[in-house]
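A.B. asks: The structure file upload.cif (mmCIF, C-alpha atoms and all ligand atoms) is provided below.
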data_final
loop_
_atom_site.label_atom_id
_atom_site.label_comp_id
_atom_site.auth_asym_id
_atom_site.auth_seq_id
_atom_site.Cartn_x
_atom_site.Cartn_y
_atom_site.Cartn_z
CA MET A 1 -39.43 -52.93 -13.31
CA ASP A 2 -40.44 -55.11 -10.32
CA ASP A 3 -37.81 -53.66 -8.00
CA LEU A 4 -39.10 -50.14 -8.82
CA ALA A 5 -42.85 -50.68 -8.76
CA THR A 6 -45.44 -53.44 -8.36
CA VAL A 7 -48.97 -53.55 -9.73
CA LEU A 8 -51.52 -53.06 -6.94
CA PHE A 9 -54.76 -52.96 -8.89
CA THR A 10 -55.11 -54.00 -12.52
CA ALA A 11 -57.25 -52.07 -15.00
CA ARG A 12 -59.78 -54.90 -14.85
CA GLU A 13 -59.96 -54.85 -11.05
CA ILE A 14 -60.43 -51.08 -11.08
CA GLN A 15 -63.18 -51.20 -13.70
CA ASP A 16 -65.02 -53.95 -11.80
CA ARG A 17 -64.82 -52.06 -8.52
CA VAL A 18 -65.92 -48.77 -10.12
CA ARG A 19 -68.93 -50.56 -11.61
CA ASP A 20 -69.84 -51.89 -8.13
CA LEU A 21 -69.55 -48.42 -6.63
CA GLY A 22 -71.76 -47.01 -9.40
CA ARG A 23 -74.36 -49.67 -8.72
CA THR A 24 -74.35 -48.95 -4.98
CA ILE A 25 -74.62 -45.19 -5.49
CA SER A 26 -77.45 -45.66 -8.02
CA HIS A 27 -79.31 -47.73 -5.43
CA ASP A 28 -78.66 -45.38 -2.49
CA TYR A 29 -79.67 -42.24 -4.38
CA ARG A 30 -82.65 -43.66 -6.28
CA GLY A 31 -85.15 -40.86 -7.04
CA ARG A 32 -82.58 -38.14 -6.32
CA GLU A 33 -80.19 -36.19 -8.52
CA PRO A 34 -76.80 -36.06 -6.80
CA VAL A 35 -74.04 -33.63 -7.73
CA LEU A 36 -70.74 -35.42 -8.17
CA ILE A 37 -67.90 -33.09 -7.36
CA SER A 38 -64.40 -34.12 -8.20
CA VAL A 39 -61.14 -32.65 -7.14
CA LEU A 40 -58.81 -32.04 -10.03
CA LYS A 41 -56.64 -33.43 -11.27
CA GLY A 42 -56.11 -36.79 -9.59
CA ALA A 43 -59.78 -37.78 -9.33
CA ALA A 44 -60.69 -36.91 -12.92
CA MET A 45 -60.29 -40.41 -14.34
CA PHE A 46 -62.15 -42.07 -11.49
CA HIS A 47 -64.90 -39.44 -11.76
CA ALA A 48 -65.35 -40.04 -15.48
CA ASP A 49 -65.61 -43.83 -15.11
CA LEU A 50 -67.82 -43.66 -12.01
CA LEU A 51 -70.27 -41.30 -13.72
CA ARG A 52 -70.76 -43.79 -16.52
CA ALA A 53 -71.51 -46.49 -13.95
CA ILE A 54 -74.28 -44.47 -12.25
CA GLU A 55 -77.77 -44.94 -13.64
CA LEU A 56 -79.32 -41.70 -12.35
CA HIS A 57 -79.65 -38.11 -13.45
CA THR A 58 -76.54 -36.50 -12.05
CA SER A 59 -74.80 -33.17 -12.27
CA VAL A 60 -71.06 -32.76 -12.21
CA ASP A 61 -68.84 -30.01 -10.99
CA PHE A 62 -65.13 -29.62 -10.37
CA MET A 63 -62.83 -28.02 -7.87
CA SER A 64 -59.15 -27.58 -8.14
CA ILE A 65 -56.96 -27.04 -5.13
CA SER A 66 -53.32 -26.64 -4.34
CA SER A 67 -51.73 -27.37 -1.01
CA TYR A 68 -49.28 -24.89 0.23
CA GLY A 69 -46.88 -25.08 3.10
CA ALA A 70 -45.58 -28.58 3.73
CA ALA A 71 -47.13 -31.31 1.59
CA SER A 72 -50.28 -32.61 3.21
CA SER A 73 -50.32 -29.85 5.83
CA GLY A 74 -54.05 -29.54 5.21
CA VAL A 75 -53.58 -25.90 4.27
CA VAL A 76 -55.30 -25.77 0.95
CA ARG A 77 -56.05 -23.00 -1.50
CA ILE A 78 -59.00 -23.26 -3.87
CA MET A 79 -57.67 -22.61 -7.38
CA LYS A 80 -60.96 -23.31 -9.13
CA ASP A 81 -64.27 -23.23 -7.31
CA LEU A 82 -67.58 -24.89 -8.16
CA GLU A 83 -69.65 -23.30 -10.90
CA ARG A 84 -73.02 -24.03 -9.29
CA ASP A 85 -74.53 -23.48 -5.88
CA ILE A 86 -74.85 -26.76 -3.94
CA GLY A 87 -77.35 -25.46 -1.36
CA ASP A 88 -80.04 -28.14 -0.73
CA ARG A 89 -78.37 -30.56 -3.16
CA ASP A 90 -77.20 -34.12 -2.46
CA VAL A 91 -73.46 -33.89 -2.90
CA ILE A 92 -70.92 -36.68 -3.39
CA LEU A 93 -67.31 -35.58 -3.19
CA ILE A 94 -65.12 -37.78 -5.38
CA GLU A 95 -61.47 -38.13 -4.35
CA ASP A 96 -58.61 -40.17 -5.73
CA ILE A 97 -57.02 -41.07 -2.42
CA ALA A 98 -57.56 -40.36 1.26
CA ASP A 99 -54.14 -40.26 2.85
CA THR A 100 -53.75 -38.17 6.03
CA GLY A 101 -57.33 -36.98 5.49
CA LEU A 102 -56.36 -33.34 5.92
CA THR A 103 -57.32 -32.30 2.38
CA LEU A 104 -60.69 -34.00 2.62
CA THR A 105 -61.35 -32.51 6.04
CA TYR A 106 -60.75 -29.04 4.63
CA LEU A 107 -62.87 -29.66 1.54
CA LEU A 108 -65.73 -31.13 3.55
CA SER A 109 -65.85 -28.14 5.87
CA THR A 110 -65.86 -25.71 2.93
CA LEU A 111 -68.65 -27.65 1.22
CA ARG A 112 -70.65 -28.06 4.44
CA ASP A 113 -70.66 -24.26 4.86
CA ARG A 114 -72.67 -24.09 1.61
CA ARG A 115 -75.50 -26.07 3.22
CA PRO A 116 -75.99 -29.06 0.92
CA ALA A 117 -78.91 -31.39 1.72
CA SER A 118 -76.36 -34.18 2.19
CA LEU A 119 -72.64 -34.61 1.75
CA GLU A 120 -70.80 -37.92 1.34
CA VAL A 121 -67.30 -38.94 0.27
CA CYS A 122 -66.41 -41.46 -2.42
CA ALA A 123 -62.67 -42.20 -2.47
CA LEU A 124 -61.08 -44.68 -4.84
CA LEU A 125 -58.22 -45.48 -2.48
CA ASP A 126 -58.06 -45.37 1.30
CA LYS A 127 -54.59 -45.26 2.86
CA ALA A 128 -56.11 -45.60 6.32
CA ALA A 129 -52.77 -46.31 8.04
CA ARG A 130 -51.72 -42.68 7.47
CA ARG A 131 -54.92 -41.00 8.64
CA ILE A 132 -54.42 -38.00 10.93
CA THR A 133 -57.96 -36.62 10.96
CA PRO A 134 -60.81 -39.14 11.00
CA ILE A 135 -63.12 -38.91 8.01
CA ASN A 136 -66.20 -40.84 7.12
CA ILE A 137 -65.70 -42.39 3.69
CA ARG A 138 -69.14 -43.63 2.66
CA TYR A 139 -67.95 -45.18 -0.62
CA ARG A 140 -64.46 -46.68 -0.83
CA GLY A 141 -62.85 -48.38 -3.81
CA PHE A 142 -59.90 -50.17 -2.25
CA GLU A 143 -57.84 -50.22 0.92
CA CYS A 144 -54.40 -48.95 -0.05
CA PRO A 145 -51.11 -49.99 1.58
CA ASP A 146 -48.90 -47.30 3.07
CA LYS A 147 -46.89 -46.82 -0.12
CA PHE A 148 -46.73 -44.09 -2.74
CA VAL A 149 -49.02 -45.08 -5.58
CA LEU A 150 -49.32 -44.00 -9.21
CA GLY A 151 -51.64 -44.40 -12.15
CA TYR A 152 -55.35 -44.07 -12.95
CA GLY A 153 -55.18 -40.32 -12.35
CA LEU A 154 -52.45 -40.31 -9.70
CA ASP A 155 -49.19 -38.72 -10.74
CA TYR A 156 -45.59 -38.20 -9.84
CA ALA A 157 -44.36 -34.83 -11.15
CA GLU A 158 -47.40 -34.82 -13.52
CA VAL A 159 -46.35 -38.12 -15.12
CA TYR A 160 -48.19 -41.50 -15.01
CA ARG A 161 -51.76 -40.19 -14.69
CA ASN A 162 -52.66 -42.04 -17.89
CA LEU A 163 -51.63 -45.50 -16.67
CA PRO A 164 -54.89 -47.49 -16.72
CA TYR A 165 -53.82 -49.43 -13.62
CA ILE A 166 -52.32 -48.52 -10.23
CA VAL A 167 -48.82 -49.36 -9.07
CA ALA A 168 -47.05 -49.01 -5.73
CA VAL A 169 -43.62 -47.43 -5.97
CA GLU A 170 -41.02 -49.66 -4.32
CA ASP A 171 -38.02 -47.37 -4.81
CA MET A 172 -38.91 -43.72 -4.18
CA ASP A 173 -35.25 -42.68 -4.34
CA ALA A 174 -34.96 -43.93 -7.91
CA LEU A 175 -38.14 -42.06 -8.89
CA ALA A 176 -37.00 -38.88 -7.17
CA ALA A 177 -33.68 -39.06 -9.00
CA ASP A 178 -35.43 -39.64 -12.33
CA PRO A 179 -39.19 -38.96 -12.51
CA LEU A 180 -39.30 -40.90 -15.79
CA ALA A 181 -37.71 -44.03 -14.26
CA LEU A 182 -41.06 -45.84 -14.53
CA ALA A 183 -41.85 -44.64 -18.06
CA PRO A 184 -41.61 -48.20 -19.51
CA LEU A 185 -44.83 -48.93 -17.58
CA LEU A 186 -46.66 -46.57 -19.92
CA HIS A 187 -46.10 -49.08 -22.72
CA SER A 188 -46.92 -52.27 -20.81
CA PRO A 189 -50.58 -53.20 -20.35
CA SER A 190 -51.76 -54.70 -17.06
P1 LIG B 1 -54.17 -36.00 2.31
O1 LIG B 1 -54.54 -34.60 2.59
O2 LIG B 1 -55.27 -37.01 2.57
O3 LIG B 1 -52.90 -36.41 3.04
O4 LIG B 1 -53.72 -36.06 0.81
C1 LIG B 1 -54.55 -36.27 -0.22
C2 LIG B 1 -53.87 -35.95 -1.53
O5 LIG B 1 -52.47 -36.25 -1.52
C3 LIG B 1 -54.47 -36.81 -2.61
O6 LIG B 1 -55.63 -36.21 -3.15
C4 LIG B 1 -53.33 -36.94 -3.59
O7 LIG B 1 -53.33 -35.82 -4.44
C5 LIG B 1 -52.08 -36.87 -2.73
N1 LIG B 1 -51.58 -38.23 -2.40
C6 LIG B 1 -51.65 -38.86 -1.23
N2 LIG B 1 -51.09 -40.09 -1.30
C7 LIG B 1 -50.67 -40.23 -2.58
C8 LIG B 1 -50.01 -41.29 -3.29
O8 LIG B 1 -49.70 -42.38 -2.78
N3 LIG B 1 -49.75 -41.07 -4.60
C9 LIG B 1 -50.06 -39.90 -5.23
N4 LIG B 1 -49.75 -39.80 -6.53
N5 LIG B 1 -50.67 -38.87 -4.60
C10 LIG B 1 -50.98 -39.04 -3.28
#
Would you encode the structure as structure tokens?

C.D. replies:
Amino acid sequence: MDDLATVLFTAREIQDRVRDLGRTISHDYRGREPVLISVLKGAAMFHADLLRAIELHTSVDFMSISSYGAASSGVVRIMKDLERDIGDRDVILIEDIADTGLTLTYLLSTLRDRRPASLEVCALLDKAARRITPINIRYRGFECPDKFVLGYGLDYAEVYRNLPYIVAVEDMDALAADPLALAPLLHSPS
């Protein structure tokens, strides 16, 4: 497996970091009731774990988007919008990974138009080397190398979201030829 993918963050490392983020958010938002918005589907697992690490009253809401045009063109269509108004609310946007930053830039501008009291980003992974538009990530899980990553919500062709850890793909050609090339990982704990 090692020539195809290497483990970047173990399940234990992720859980420890998510607990730290939850503690920091609980401290920063003490006395307030933030709305945690996650972007389906990649951020769902991170969102669920982070929520359980936050010791505050919170609300949750979800958005689902699809990019059209070239991948990561920043042209995004909202497939599922929020259920509640976020006007005057403290909003934290939860993302799986900030790559070029184009998706987050679009989402932030859409959310800002709804006049929240505050708006911050919490991203599990930050692939800063690929950033095209600068974004302010208030809460960041890990710096991520410039490699395609999978697991803990992140997929390839809808596979691998349920890996409890995150791997970097070392051979994209092999994965493109066979999206299940890394399936043995699904049976090996890390
Ligand atoms: P951006 O607009 O920042 O370039 O792209 C953000 C989105 O691209 C993420 O929310 C994620 O869905 C997808 N993405 C970016 N990099 C990766 C990666 O390494 N692995 C996976 N599975 N998805 C990625």

A.B. asks: When the cut-off is 10 Å and you count all atoms listed in the file, which residues lie near ligand LIG 1 (chain B), shown as a ChimeraX atom specification?

C.D. replies: /A:39-43,65-67,71-76,94-107,123,125-128,130-133,135,144-161,166-169

A.B. asks: What does the structure give for the distance between atom CA of A:Arg114 and atom CA of A:Asp85, in Å to one decimal?

C.D. replies: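 Going from atom CA of A:Arg114 over to atom CA of A:Asp85, I get 7.7 Å.
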
A.B. asks: With distances taken over only C-alpha atoms, which of A:Ala177, A:Leu93, A:Leu124, A:Leu111 is nearest to A:Asp49?

C.D. replies: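 Closest candidate: A:Leu124.
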
A.B. asks: Figure out the distance between atom CA of A:Leu4 and atom CA of A:Leu175, please, to one decimal in Å.

C.D. replies: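 A separation of 8.1 Å between them.
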
A.B. asks: Take atom CA of A:Ser118 and atom CA of A:Ala48 and report the distance between them in Å, one decimal.

C.D. replies: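 Separation of atom CA of A:Ser118 and atom CA of A:Ala48: 21.6 Å.
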
A.B. asks: Write out as a PyMOL selection string the residues lying within 12 Å of A:Glu83, counting only C-alpha atoms and excluding same-chain residues fewer than 2 positions away.

C.D. replies: chain A and resi 35+37+59-64+80-81+85-86

A.B. asks: Counting only C-alpha atoms, which residue out of A:Ile137, A:Ile92, A:Leu108, A:Val18 sits closest to A:Ala53?

C.D. replies: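 Result for the nearest residue to A:Ala53: A:Val18.
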
A.B. asks: Skip A:Ser26 itself and residues of its chain fewer than 2 positions away, then list as JSON, numbers by chain all residues within 7 Å of it, counting all atoms listed in the file.

C.D. replies: {"A": [22, 23, 24, 28, 29, 30, 54, 55, 56]}

A.B. asks: Between A:Leu36, A:Val121, A:Ala5, A:Ala129, which is the closest to A:Arg89 once you count all atoms listed in the file?

C.D. replies: A:Leu36
